[in-house]
Amino acid sequence: MRKYTPKDNVQAKSYYTDRFHVTPRVPRNEVQSGSHFADVVNSFKKLAYESYVELGQLVIHIKSSDNIKVLEILRDKCGYTVCSELSAVDYLARDGEFEVFYQMLNMSQAKRVRVVTRIKKDEAIESAASLFKSANFAEREMYDMFGIVANNHPYLKRILMPDDWVGHPLLKTYPLQGDEAASWYEVDKIFGKENRDAIGPENRDPAKIDRYDTKRFSRVGYEVPFGTDITQGEKENDIEYSKAQLADYTKSQKQLDKRK
Amino acid sequence: MQQTNKLTPFFENLNFERSDNMMVINFGPQHPSAHGQLRLVLELDGEKVTKAYPDIGYLHRGIEKMAENMTYNEFLPTTDRLDYIASTSNNYAYAHAVEKLLELEIPERAQVIRTMLLEVNRIISHLFFLATHALDVGAMSLFLYAFREREFGMDLMEEYCGARLTHSAVRIGGVPLDLPKDWTRELLKWCDTVEHELANTYEMLLNENRIWKMRLEDVGVISAEEAQSWGCSGPMLRGSGVQYDIRKEEPYELYGELEFDIPVSDRCDSYGRYRLYMEEMKESIKILRQLVPLYDRSAPQLMAHAPQYISAPKEEIMTQNYALMQHFVLVTQGMRPPVGEVYAPTESPKGELGFYIKSEGEPYAYRLKCRAPSFFHTGLLQEILVGTYIADVVTIIGSTNIVFGEVDR
């Protein structure tokens, strides 16, 4: 029987699995009373529904609707004046949710707090850009990479990928090899859609090795003169695209790479 | 809307023809003083910038995505390509985050070597900053002088790890090699040279240079509040009068035991930051000189002992069956760190470089986020460029010391 490959997480998986192997967990310590972190937790009252210290940093879990309130308390009452990082983790396959985290820094105490919240798939989160300007770029990146919308963001636009890109690259459903839209993207842009037949799709696999290509790859032990045709009449296979996220970006026939 | 084809490229709904007196110019992404692939769209009123829009992503390689599909050790050489001016700082920041997740004890000699490499990289990076910044502002000769010393620093790195730019000189759990013979002597010689050149060439040329001061003073002013709000770190933050250096405040490796000062400038402008870079190089030299005797005293172990995560030393692998088996599993499957998440900040030459790693106990990181200082410093450009003159734009970009390998990742 063919091995089942999940469609909601197309990332690399470990080949070996050991069903008796139990991975340990990094210890989550309780917040010690009287410490700086205890004061931080106390200032939230009930906004934080879970808090613990993991590897020296306080982690607090909050409701996504409270994020601005919590960040404001952190900044104004607890001295966490820097939002050093903000991003998301894709848990759509497992929980149907994103985990959004804010990494906060208190400079006078040299302490760090991570505020963690969960949002559903099509839910938006309130932008923190009004509190921390660093969230401006960070939220744009989060939107670009995950498609998470930050409400009331001053300029929510793709930042790393081109404006007309299809899909959000850091989602676990995003194909690793590039889908069909990706392979035509630059061809269309530079030469125009009408020239697809002449140009052919872009090879987006940097490790691609064509065993019949005697111009770029040597055949160690079976050397042949440069550029010799060694296909012996064998037909070239059609390019196989990942079926995970096929956009109807293109309707035209796939073109074979017309080398040789 | 423009008609896009190959002759008139698509400029994202930008209208270059305006009915008012404003002019929109497109700076980059191939501008030599943009320090990489920075595209900056500037709206000008005469010579004054009224709006600035930094457009990034021209060097986006999806390094975070690659991290999710590589084992932890496989990913390490990829981190070289973040801040390619000082690769060891990236290697170290990544290794440090994984080690924190694994809660490893690093042997002392490895710590000494790592700290040495980090400081050598800091000087190399700062010399590069000085050279390119001076070149941008118009001091061509300094570029040549600073690059000369930088070459000697890169020779040191080459002698240690074989590479000049993409070092991969750190491994998860320690360092791969001991220092070559006489390396520390060469290092001390280089320290003397850099110190001498700093005092007698660079500072003599620039510190009181009339043109240099006119170009840099009161240019690119960032207040302390602004700097914190924009997530500035490193010299950008200390140049605004906030004394925060992760080496001092949240010490890692040997920084807790070493004696060095954190220079601060409350000028908040480009000139203050330039002075800061010079002072930081002097502090790095001070650190390097303290490290040499520490190296001589340390025991020769180079990699941490944690056979379930880190391969045992070669002798053990070749003589003990179980060590060989564990090594085989580590090579073929990769290590499986405990479930958990970690954010480990380090002070790279550019600022706070931290890796957030979320591990689900798989050989692949579930999520890896690289907190790159330059990314946030690029975001800052949209605010500090407004109200300055177009001639100062280049100074400000140079002064933020952004490197696009880590901005775009």
# chains A, B, ... in the order shown; residues from 1 in each chain; ligands from 1
>>> interface_residues(of="chain A", to="chain B", cutoff="7 Å", atoms="only C-alpha atoms", output="PDB file with all heavy atoms, in the first residue's frame")
ATOM      1  N   GLN A  11       5.377  19.571   4.339  1.00  0.00           N
ATOM      2  CA  GLN A  11       6.790  19.811   4.622  1.00  0.00           C
ATOM      3  C   GLN A  11       7.532  18.489   4.782  1.00  0.00           C
ATOM      4  O   GLN A  11       6.923  17.428   4.884  1.00  0.00           O
ATOM      5  CB  GLN A  11       6.924  20.642   5.901  1.00  0.00           C
ATOM      6  CG  GLN A  11       6.103  21.896   5.904  1.00  0.00           C
ATOM      7  CD  GLN A  11       6.373  22.762   4.710  1.00  0.00           C
ATOM      8  OE1 GLN A  11       7.473  23.212   4.503  1.00  0.00           O
ATOM      9  NE2 GLN A  11       5.368  22.978   3.878  1.00  0.00           N
ATOM     10  N   ALA A  12       8.845  18.594   4.804  1.00  0.00           N
ATOM     11  CA  ALA A  12       9.678  17.397   4.947  1.00  0.00           C
ATOM     12  C   ALA A  12       9.351  16.680   6.254  1.00  0.00           C
ATOM     13  O   ALA A  12       9.132  17.318   7.282  1.00  0.00           O
ATOM     14  CB  ALA A  12      11.140  17.799   4.930  1.00  0.00           C
ATOM     15  N   SER A  14      10.364  13.256   8.812  1.00  0.00           N
ATOM     16  CA  SER A  14      11.461  12.341   9.051  1.00  0.00           C
ATOM     17  C   SER A  14      11.071  10.962   8.537  1.00  0.00           C
ATOM     18  O   SER A  14       9.926  10.521   8.677  1.00  0.00           O
ATOM     19  CB  SER A  14      11.799  12.285  10.534  1.00  0.00           C
ATOM     20  OG  SER A  14      10.678  11.918  11.260  1.00  0.00           O
ATOM     21  N   THR A  23       9.592  11.991  23.060  1.00  0.00           N
ATOM     22  CA  THR A  23      10.469  13.162  23.120  1.00  0.00           C
ATOM     23  C   THR A  23      10.210  13.901  24.425  1.00  0.00           C
ATOM     24  O   THR A  23       9.057  14.179  24.748  1.00  0.00           O
ATOM     25  CB  THR A  23      10.171  14.117  21.949  1.00  0.00           C
ATOM     26  OG1 THR A  23       9.817  13.330  20.826  1.00  0.00           O
ATOM     27  CG2 THR A  23      11.360  14.949  21.622  1.00  0.00           C
ATOM     28  N   PRO A  24      11.262  14.212  25.150  1.00  0.00           N
ATOM     29  CA  PRO A  24      11.047  14.978  26.381  1.00  0.00           C
ATOM     30  C   PRO A  24      10.604  16.401  26.053  1.00  0.00           C
ATOM     31  O   PRO A  24      10.699  16.854  24.912  1.00  0.00           O
ATOM     32  CB  PRO A  24      12.422  14.973  27.044  1.00  0.00           C
ATOM     33  CG  PRO A  24      13.382  14.746  25.933  1.00  0.00           C
ATOM     34  CD  PRO A  24      12.678  13.920  24.921  1.00  0.00           C
ATOM     35  N   ARG A  25      10.094  17.080  27.047  1.00  0.00           N
ATOM     36  CA  ARG A  25       9.652  18.463  26.853  1.00  0.00           C
ATOM     37  C   ARG A  25      10.596  19.377  27.622  1.00  0.00           C
ATOM     38  O   ARG A  25      11.106  19.008  28.668  1.00  0.00           O
ATOM     39  CB  ARG A  25       8.219  18.583  27.379  1.00  0.00           C
ATOM     40  CG  ARG A  25       7.754  19.977  27.644  1.00  0.00           C
ATOM     41  CD  ARG A  25       6.265  20.050  27.792  1.00  0.00           C
ATOM     42  NE  ARG A  25       5.598  20.323  26.521  1.00  0.00           N
ATOM     43  CZ  ARG A  25       5.790  21.400  25.772  1.00  0.00           C
ATOM     44  NH1 ARG A  25       6.680  22.302  26.129  1.00  0.00           N
ATOM     45  NH2 ARG A  25       5.126  21.586  24.659  1.00  0.00           N
ATOM     46  N   VAL A  26      10.852  20.523  27.073  1.00  0.00           N
ATOM     47  CA  VAL A  26      11.634  21.522  27.802  1.00  0.00           C
ATOM     48  C   VAL A  26      10.852  21.899  29.055  1.00  0.00           C
ATOM     49  O   VAL A  26       9.649  22.182  28.957  1.00  0.00           O
ATOM     50  CB  VAL A  26      11.858  22.772  26.923  1.00  0.00           C
ATOM     51  CG1 VAL A  26      12.561  23.845  27.694  1.00  0.00           C
ATOM     52  CG2 VAL A  26      12.644  22.405  25.683  1.00  0.00           C
ATOM     53  N   LEU A  55      12.886  28.262  29.747  1.00  0.00           N
ATOM     54  CA  LEU A  55      14.262  28.623  29.405  1.00  0.00           C
ATOM     55  C   LEU A  55      14.564  30.089  29.747  1.00  0.00           C
ATOM     56  O   LEU A  55      15.130  30.819  28.936  1.00  0.00           O
ATOM     57  CB  LEU A  55      14.532  28.346  27.921  1.00  0.00           C
ATOM     58  CG  LEU A  55      14.435  26.875  27.511  1.00  0.00           C
ATOM     59  CD1 LEU A  55      14.464  26.728  26.007  1.00  0.00           C
ATOM     60  CD2 LEU A  55      15.553  26.065  28.128  1.00  0.00           C
ATOM     61  N   THR A  81       9.495  47.979  26.845  1.00  0.00           N
ATOM     62  CA  THR A  81       9.353  49.053  25.863  1.00  0.00           C
ATOM     63  C   THR A  81       9.692  48.612  24.449  1.00  0.00           C
ATOM     64  O   THR A  81       9.500  49.371  23.515  1.00  0.00           O
ATOM     65  CB  THR A  81      10.257  50.227  26.238  1.00  0.00           C
ATOM     66  OG1 THR A  81      11.540  49.707  26.557  1.00  0.00           O
ATOM     67  CG2 THR A  81       9.707  50.982  27.420  1.00  0.00           C
ATOM     68  N   VAL A  82      10.242  47.428  24.291  1.00  0.00           N
ATOM     69  CA  VAL A  82      10.652  46.992  22.958  1.00  0.00           C
ATOM     70  C   VAL A  82       9.904  45.723  22.583  1.00  0.00           C
ATOM     71  O   VAL A  82       9.855  44.770  23.357  1.00  0.00           O
ATOM     72  CB  VAL A  82      12.176  46.730  22.894  1.00  0.00           C
ATOM     73  CG1 VAL A  82      12.568  46.285  21.509  1.00  0.00           C
ATOM     74  CG2 VAL A  82      12.941  47.960  23.292  1.00  0.00           C
ATOM     75  N   CYS A  83       9.297  45.751  21.401  1.00  0.00           N
ATOM     76  CA  CYS A  83       8.736  44.533  20.837  1.00  0.00           C
ATOM     77  C   CYS A  83       9.772  44.034  19.847  1.00  0.00           C
ATOM     78  O   CYS A  83       9.867  44.529  18.741  1.00  0.00           O
ATOM     79  CB  CYS A  83       7.414  44.827  20.148  1.00  0.00           C
ATOM     80  SG  CYS A  83       6.724  43.415  19.318  1.00  0.00           S
ATOM     81  N   SER A  84      10.593  43.099  20.289  1.00  0.00           N
ATOM     82  CA  SER A  84      11.739  42.771  19.438  1.00  0.00           C
ATOM     83  C   SER A  84      11.368  41.823  18.311  1.00  0.00           C
ATOM     84  O   SER A  84      12.073  41.778  17.314  1.00  0.00           O
ATOM     85  CB  SER A  84      12.890  42.200  20.258  1.00  0.00           C
ATOM     86  OG  SER A  84      12.472  41.145  21.054  1.00  0.00           O
ATOM     87  N   GLU A  85      10.296  41.093  18.461  1.00  0.00           N
ATOM     88  CA  GLU A  85       9.931  40.199  17.376  1.00  0.00           C
ATOM     89  C   GLU A  85       8.461  39.853  17.479  1.00  0.00           C
ATOM     90  O   GLU A  85       7.889  39.869  18.572  1.00  0.00           O
ATOM     91  CB  GLU A  85      10.789  38.933  17.430  1.00  0.00           C
ATOM     92  CG  GLU A  85      10.529  37.939  16.325  1.00  0.00           C
ATOM     93  CD  GLU A  85      10.722  38.498  14.938  1.00  0.00           C
ATOM     94  OE1 GLU A  85       9.912  39.321  14.516  1.00  0.00           O
ATOM     95  OE2 GLU A  85      11.685  38.100  14.281  1.00  0.00           O
ATOM     96  N   VAL A  89       3.123  30.932  14.082  1.00  0.00           N
ATOM     97  CA  VAL A  89       3.455  29.534  13.824  1.00  0.00           C
ATOM     98  C   VAL A  89       2.194  28.884  13.274  1.00  0.00           C
ATOM     99  O   VAL A  89       1.101  29.125  13.776  1.00  0.00           O
ATOM    100  CB  VAL A  89       3.895  28.815  15.124  1.00  0.00           C
ATOM    101  CG1 VAL A  89       4.390  27.426  14.805  1.00  0.00           C
ATOM    102  CG2 VAL A  89       4.952  29.600  15.847  1.00  0.00           C
ATOM    103  N   MET A 107      14.291  46.608  29.054  1.00  0.00           N
ATOM    104  CA  MET A 107      15.713  46.940  29.020  1.00  0.00           C
ATOM    105  C   MET A 107      16.272  47.231  30.395  1.00  0.00           C
ATOM    106  O   MET A 107      17.444  46.980  30.645  1.00  0.00           O
ATOM    107  CB  MET A 107      15.932  48.144  28.125  1.00  0.00           C
ATOM    108  CG  MET A 107      15.757  47.762  26.687  1.00  0.00           C
ATOM    109  SD  MET A 107      16.522  48.925  25.643  1.00  0.00           S
ATOM    110  CE  MET A 107      16.345  48.122  24.097  1.00  0.00           C
ATOM    111  N   ALA A 110      16.502  43.743  31.921  1.00  0.00           N
ATOM    112  CA  ALA A 110      17.071  42.740  31.020  1.00  0.00           C
ATOM    113  C   ALA A 110      16.267  41.444  31.089  1.00  0.00           C
ATOM    114  O   ALA A 110      16.806  40.355  31.296  1.00  0.00           O
ATOM    115  CB  ALA A 110      18.535  42.476  31.327  1.00  0.00           C
ATOM    116  N   PHE A 132       3.841  49.692  19.091  1.00  0.00           N
ATOM    117  CA  PHE A 132       5.258  49.504  18.767  1.00  0.00           C
ATOM    118  C   PHE A 132       5.427  49.657  17.264  1.00  0.00           C
ATOM    119  O   PHE A 132       4.813  48.924  16.500  1.00  0.00           O
ATOM    120  CB  PHE A 132       5.728  48.115  19.196  1.00  0.00           C
ATOM    121  CG  PHE A 132       5.537  47.839  20.642  1.00  0.00           C
ATOM    122  CD1 PHE A 132       4.451  47.129  21.095  1.00  0.00           C
ATOM    123  CD2 PHE A 132       6.456  48.312  21.558  1.00  0.00           C
ATOM    124  CE1 PHE A 132       4.276  46.885  22.431  1.00  0.00           C
ATOM    125  CE2 PHE A 132       6.287  48.071  22.901  1.00  0.00           C
ATOM    126  CZ  PHE A 132       5.187  47.359  23.337  1.00  0.00           C
ATOM    127  N   LYS A 133       6.264  50.589  16.864  1.00  0.00           N
ATOM    128  CA  LYS A 133       6.418  50.809  15.434  1.00  0.00           C
ATOM    129  C   LYS A 133       7.133  49.642  14.762  1.00  0.00           C
ATOM    130  O   LYS A 133       7.019  49.440  13.568  1.00  0.00           O
ATOM    131  CB  LYS A 133       7.164  52.114  15.195  1.00  0.00           C
ATOM    132  CG  LYS A 133       6.286  53.308  15.519  1.00  0.00           C
ATOM    133  CD  LYS A 133       7.042  54.598  15.393  1.00  0.00           C
ATOM    134  CE  LYS A 133       6.126  55.765  15.677  1.00  0.00           C
ATOM    135  NZ  LYS A 133       6.883  57.016  15.843  1.00  0.00           N
ATOM    136  N   SER A 134       7.880  48.877  15.563  1.00  0.00           N
ATOM    137  CA  SER A 134       8.566  47.725  14.958  1.00  0.00           C
ATOM    138  C   SER A 134       7.559  46.705  14.435  1.00  0.00           C
ATOM    139  O   SER A 134       7.883  45.904  13.559  1.00  0.00           O
ATOM    140  CB  SER A 134       9.486  47.074  15.977  1.00  0.00           C
ATOM    141  OG  SER A 134       8.760  46.668  17.103  1.00  0.00           O
ATOM    142  N   PHE A 137       6.632  46.565  10.225  1.00  0.00           N
ATOM    143  CA  PHE A 137       7.254  45.639   9.276  1.00  0.00           C
ATOM    144  C   PHE A 137       6.980  44.193   9.668  1.00  0.00           C
ATOM    145  O   PHE A 137       6.759  43.342   8.816  1.00  0.00           O
ATOM    146  CB  PHE A 137       8.766  45.888   9.209  1.00  0.00           C
ATOM    147  CG  PHE A 137       9.196  46.668   8.001  1.00  0.00           C
ATOM    148  CD1 PHE A 137       8.412  47.679   7.498  1.00  0.00           C
ATOM    149  CD2 PHE A 137      10.394  46.385   7.363  1.00  0.00           C
ATOM    150  CE1 PHE A 137       8.805  48.399   6.395  1.00  0.00           C
ATOM    151  CE2 PHE A 137      10.802  47.097   6.253  1.00  0.00           C
ATOM    152  CZ  PHE A 137      10.007  48.108   5.763  1.00  0.00           C
ATOM    153  N   ILE A 159       5.503  42.126   1.817  1.00  0.00           N
ATOM    154  CA  ILE A 159       6.770  42.827   2.018  1.00  0.00           C
ATOM    155  C   ILE A 159       7.928  42.104   1.355  1.00  0.00           C
ATOM    156  O   ILE A 159       8.745  42.721   0.685  1.00  0.00           O
ATOM    157  CB  ILE A 159       7.013  43.069   3.521  1.00  0.00           C
ATOM    158  CG1 ILE A 159       8.247  43.912   3.764  1.00  0.00           C
ATOM    159  CG2 ILE A 159       7.106  41.794   4.315  1.00  0.00           C
ATOM    160  CD1 ILE A 159       8.319  44.463   5.159  1.00  0.00           C
ATOM    161  N   LEU A 160       8.007  40.804   1.501  1.00  0.00           N
ATOM    162  CA  LEU A 160       9.140  40.082   0.911  1.00  0.00           C
ATOM    163  C   LEU A 160       8.782  39.496  -0.450  1.00  0.00           C
ATOM    164  O   LEU A 160       9.603  39.501  -1.363  1.00  0.00           O
ATOM    165  CB  LEU A 160       9.609  38.968   1.846  1.00  0.00           C
ATOM    166  CG  LEU A 160      10.197  39.437   3.176  1.00  0.00           C
ATOM    167  CD1 LEU A 160      10.555  38.274   4.058  1.00  0.00           C
ATOM    168  CD2 LEU A 160      11.428  40.293   2.955  1.00  0.00           C
ATOM    169  N   MET A 161       7.576  38.983  -0.578  1.00  0.00           N
ATOM    170  CA  MET A 161       7.166  38.403  -1.850  1.00  0.00           C
ATOM    171  C   MET A 161       6.606  39.514  -2.743  1.00  0.00           C
ATOM    172  O   MET A 161       6.193  40.556  -2.251  1.00  0.00           O
ATOM    173  CB  MET A 161       6.087  37.337  -1.635  1.00  0.00           C
ATOM    174  CG  MET A 161       6.465  36.255  -0.653  1.00  0.00           C
ATOM    175  SD  MET A 161       7.939  35.368  -1.112  1.00  0.00           S
ATOM    176  CE  MET A 161       7.335  34.326  -2.392  1.00  0.00           C
ATOM    177  N   LEU A 170       5.067  30.503   4.165  1.00  0.00           N
ATOM    178  CA  LEU A 170       5.411  29.747   5.369  1.00  0.00           C
ATOM    179  C   LEU A 170       4.272  28.867   5.880  1.00  0.00           C
ATOM    180  O   LEU A 170       4.401  28.256   6.936  1.00  0.00           O
ATOM    181  CB  LEU A 170       5.899  30.683   6.476  1.00  0.00           C
ATOM    182  CG  LEU A 170       7.381  31.060   6.346  1.00  0.00           C
ATOM    183  CD1 LEU A 170       7.789  32.007   7.448  1.00  0.00           C
ATOM    184  CD2 LEU A 170       8.280  29.848   6.381  1.00  0.00           C
ATOM    185  N   ILE A 190       8.369  38.576 -17.594  1.00  0.00           N
ATOM    186  CA  ILE A 190       9.446  39.115 -18.413  1.00  0.00           C
ATOM    187  C   ILE A 190       9.102  39.028 -19.900  1.00  0.00           C
ATOM    188  O   ILE A 190       9.289  39.979 -20.651  1.00  0.00           O
ATOM    189  CB  ILE A 190      10.764  38.384 -18.108  1.00  0.00           C
ATOM    190  CG1 ILE A 190      11.142  38.629 -16.650  1.00  0.00           C
ATOM    191  CG2 ILE A 190      11.875  38.872 -19.023  1.00  0.00           C
ATOM    192  CD1 ILE A 190      12.238  37.758 -16.132  1.00  0.00           C
ATOM    193  N   PHE A 191       8.576  37.892 -20.318  1.00  0.00           N
ATOM    194  CA  PHE A 191       8.378  37.697 -21.758  1.00  0.00           C
ATOM    195  C   PHE A 191       6.926  37.810 -22.181  1.00  0.00           C
ATOM    196  O   PHE A 191       6.629  37.901 -23.356  1.00  0.00           O
ATOM    197  CB  PHE A 191       8.914  36.323 -22.167  1.00  0.00           C
ATOM    198  CG  PHE A 191      10.364  36.142 -21.832  1.00  0.00           C
ATOM    199  CD1 PHE A 191      10.748  35.429 -20.717  1.00  0.00           C
ATOM    200  CD2 PHE A 191      11.339  36.716 -22.620  1.00  0.00           C
ATOM    201  CE1 PHE A 191      12.074  35.272 -20.400  1.00  0.00           C
ATOM    202  CE2 PHE A 191      12.684  36.562 -22.307  1.00  0.00           C
ATOM    203  CZ  PHE A 191      13.043  35.842 -21.194  1.00  0.00           C
ATOM    204  N   GLY A 192       6.023  37.773 -21.221  1.00  0.00           N
ATOM    205  CA  GLY A 192       4.607  37.809 -21.559  1.00  0.00           C
ATOM    206  C   GLY A 192       4.055  36.409 -21.728  1.00  0.00           C
ATOM    207  O   GLY A 192       4.756  35.480 -22.099  1.00  0.00           O
TER     208      GLY A 192
END
>>> select_by_dssp(residues="region 9-168 of chain A", states="alpha helix (DSSP H)", output="PDB file with C-alpha atoms, in the first residue's frame")
ATOM      1  CA  HIS A  36      10.019  40.254  38.509  1.00  0.00           C
ATOM      2  CA  PHE A  37       7.992  37.855  36.387  1.00  0.00           C
ATOM      3  CA  ALA A  38       5.478  37.393  39.217  1.00  0.00           C
ATOM      4  CA  ASP A  39       4.861  41.150  39.207  1.00  0.00           C
ATOM      5  CA  VAL A  40       4.337  41.026  35.463  1.00  0.00           C
ATOM      6  CA  VAL A  41       1.828  38.196  35.732  1.00  0.00           C
ATOM      7  CA  ASN A  42       0.016  39.951  38.591  1.00  0.00           C
ATOM      8  CA  SER A  43      -0.411  43.116  36.582  1.00  0.00           C
ATOM      9  CA  PHE A  44      -2.512  41.230  34.036  1.00  0.00           C
ATOM     10  CA  ASN A  67      -3.494  41.397  22.660  1.00  0.00           C
ATOM     11  CA  ILE A  68      -3.451  45.209  22.547  1.00  0.00           C
ATOM     12  CA  LYS A  69      -4.546  45.484  26.165  1.00  0.00           C
ATOM     13  CA  VAL A  70      -1.831  43.099  27.293  1.00  0.00           C
ATOM     14  CA  LEU A  71       0.896  44.715  25.223  1.00  0.00           C
ATOM     15  CA  GLU A  72      -0.105  48.121  26.534  1.00  0.00           C
ATOM     16  CA  ILE A  73       0.092  46.942  30.143  1.00  0.00           C
ATOM     17  CA  LEU A  74       3.460  45.365  29.402  1.00  0.00           C
ATOM     18  CA  ARG A  75       4.783  48.564  27.885  1.00  0.00           C
ATOM     19  CA  ASP A  76       3.372  51.111  30.280  1.00  0.00           C
ATOM     20  CA  LEU A  92      -3.607  24.719  11.006  1.00  0.00           C
ATOM     21  CA  ALA A  93      -3.059  21.031  10.355  1.00  0.00           C
ATOM     22  CA  ARG A  94      -3.158  20.030  13.997  1.00  0.00           C
ATOM     23  CA  ASP A  95      -5.473  22.551  15.652  1.00  0.00           C
ATOM     24  CA  SER A 134       8.566  47.725  14.958  1.00  0.00           C
ATOM     25  CA  ALA A 135       5.310  45.823  14.514  1.00  0.00           C
ATOM     26  CA  ASN A 136       4.771  47.703  11.266  1.00  0.00           C
ATOM     27  CA  PHE A 137       7.254  45.639   9.276  1.00  0.00           C
ATOM     28  CA  ALA A 138       6.891  42.527  11.409  1.00  0.00           C
ATOM     29  CA  GLU A 139       3.134  42.345  10.846  1.00  0.00           C
ATOM     30  CA  ARG A 140       3.561  42.923   7.157  1.00  0.00           C
ATOM     31  CA  GLU A 141       5.931  40.001   7.107  1.00  0.00           C
ATOM     32  CA  MET A 142       3.471  37.902   9.083  1.00  0.00           C
ATOM     33  CA  TYR A 143       0.755  38.772   6.581  1.00  0.00           C
ATOM     34  CA  ASP A 144       3.042  37.980   3.684  1.00  0.00           C
ATOM     35  CA  MET A 145       4.222  34.669   5.069  1.00  0.00           C
ATOM     36  CA  PHE A 146       1.001  33.372   6.640  1.00  0.00           C
TER      37      PHE A 146
END
>>> atom_distance(atom1="CA of Glu279 (chain B)", atom2="CA of Leu127 (chain B)")
11.9 Å
>>> atom_distance(atom1="CA of Gly96 (chain A)", atom2="CA of Glu123 (chain A)")
11.1 Å
>>> residues_around(residues="region 21-33 of chain B", least_positions_apart="2", cutoff="9 Å", atoms="only C-alpha atoms", output="VMD selection string")
chain B and resid 14 to 19 35 to 46 50 55 to 56 58 132 to 133 135 to 136 394 to 395 397 to 398
>>> atom_distance(atom1="CA of Ala97 (chain B)", atom2="CA of Gly153 (chain B)")
26.3 Å
>>> select_by_dssp(residues="region 20-236 of chain B", states="strand (DSSP E or B)", output="PyMOL selection string")
chain B and resi 23-27+39-45+48-55+71+171+174
>>> closest_residue(among="B:Leu381, B:Val98, B:Leu288, B:Leu258", to="Tyr53 (chain B)", atoms="only C-alpha atoms")
B:Leu381
>>> residues_around(residues="Asp392 (chain B)", least_positions_apart="2", cutoff="10 Å", atoms="only C-alpha atoms", output="mmCIF file with C-alpha atoms, in the first residue's frame")
data_model
loop_
_atom_site.group_PDB
_atom_site.id
_atom_site.type_symbol
_atom_site.label_atom_id
_atom_site.label_comp_id
_atom_site.auth_asym_id
_atom_site.auth_seq_id
_atom_site.Cartn_x
_atom_site.Cartn_y
_atom_site.Cartn_z
ATOM 1 C CA LYS B 48 13.535 67.444 0.636
ATOM 2 C CA VAL B 49 12.168 63.964 1.184
ATOM 3 C CA VAL B 137 29.765 59.872 2.092
ATOM 4 C CA ARG B 215 27.850 65.304 6.390
ATOM 5 C CA LEU B 216 27.199 63.285 9.543
ATOM 6 C CA VAL B 219 21.839 63.661 10.197
ATOM 7 C CA GLY B 220 19.554 60.729 10.849
ATOM 8 C CA LEU B 385 14.244 59.752 5.965
ATOM 9 C CA THR B 388 15.904 65.075 5.304
ATOM 10 C CA TYR B 389 17.622 66.128 2.126
ATOM 11 C CA ILE B 390 18.255 63.676 -0.641
ATOM 12 C CA VAL B 394 22.818 57.878 1.500
ATOM 13 C CA THR B 395 24.432 58.859 4.793
ATOM 14 C CA ILE B 396 21.479 57.556 6.763
ATOM 15 C CA ILE B 397 21.321 54.248 4.917
ATOM 16 C CA GLY B 398 25.040 53.818 5.464
#
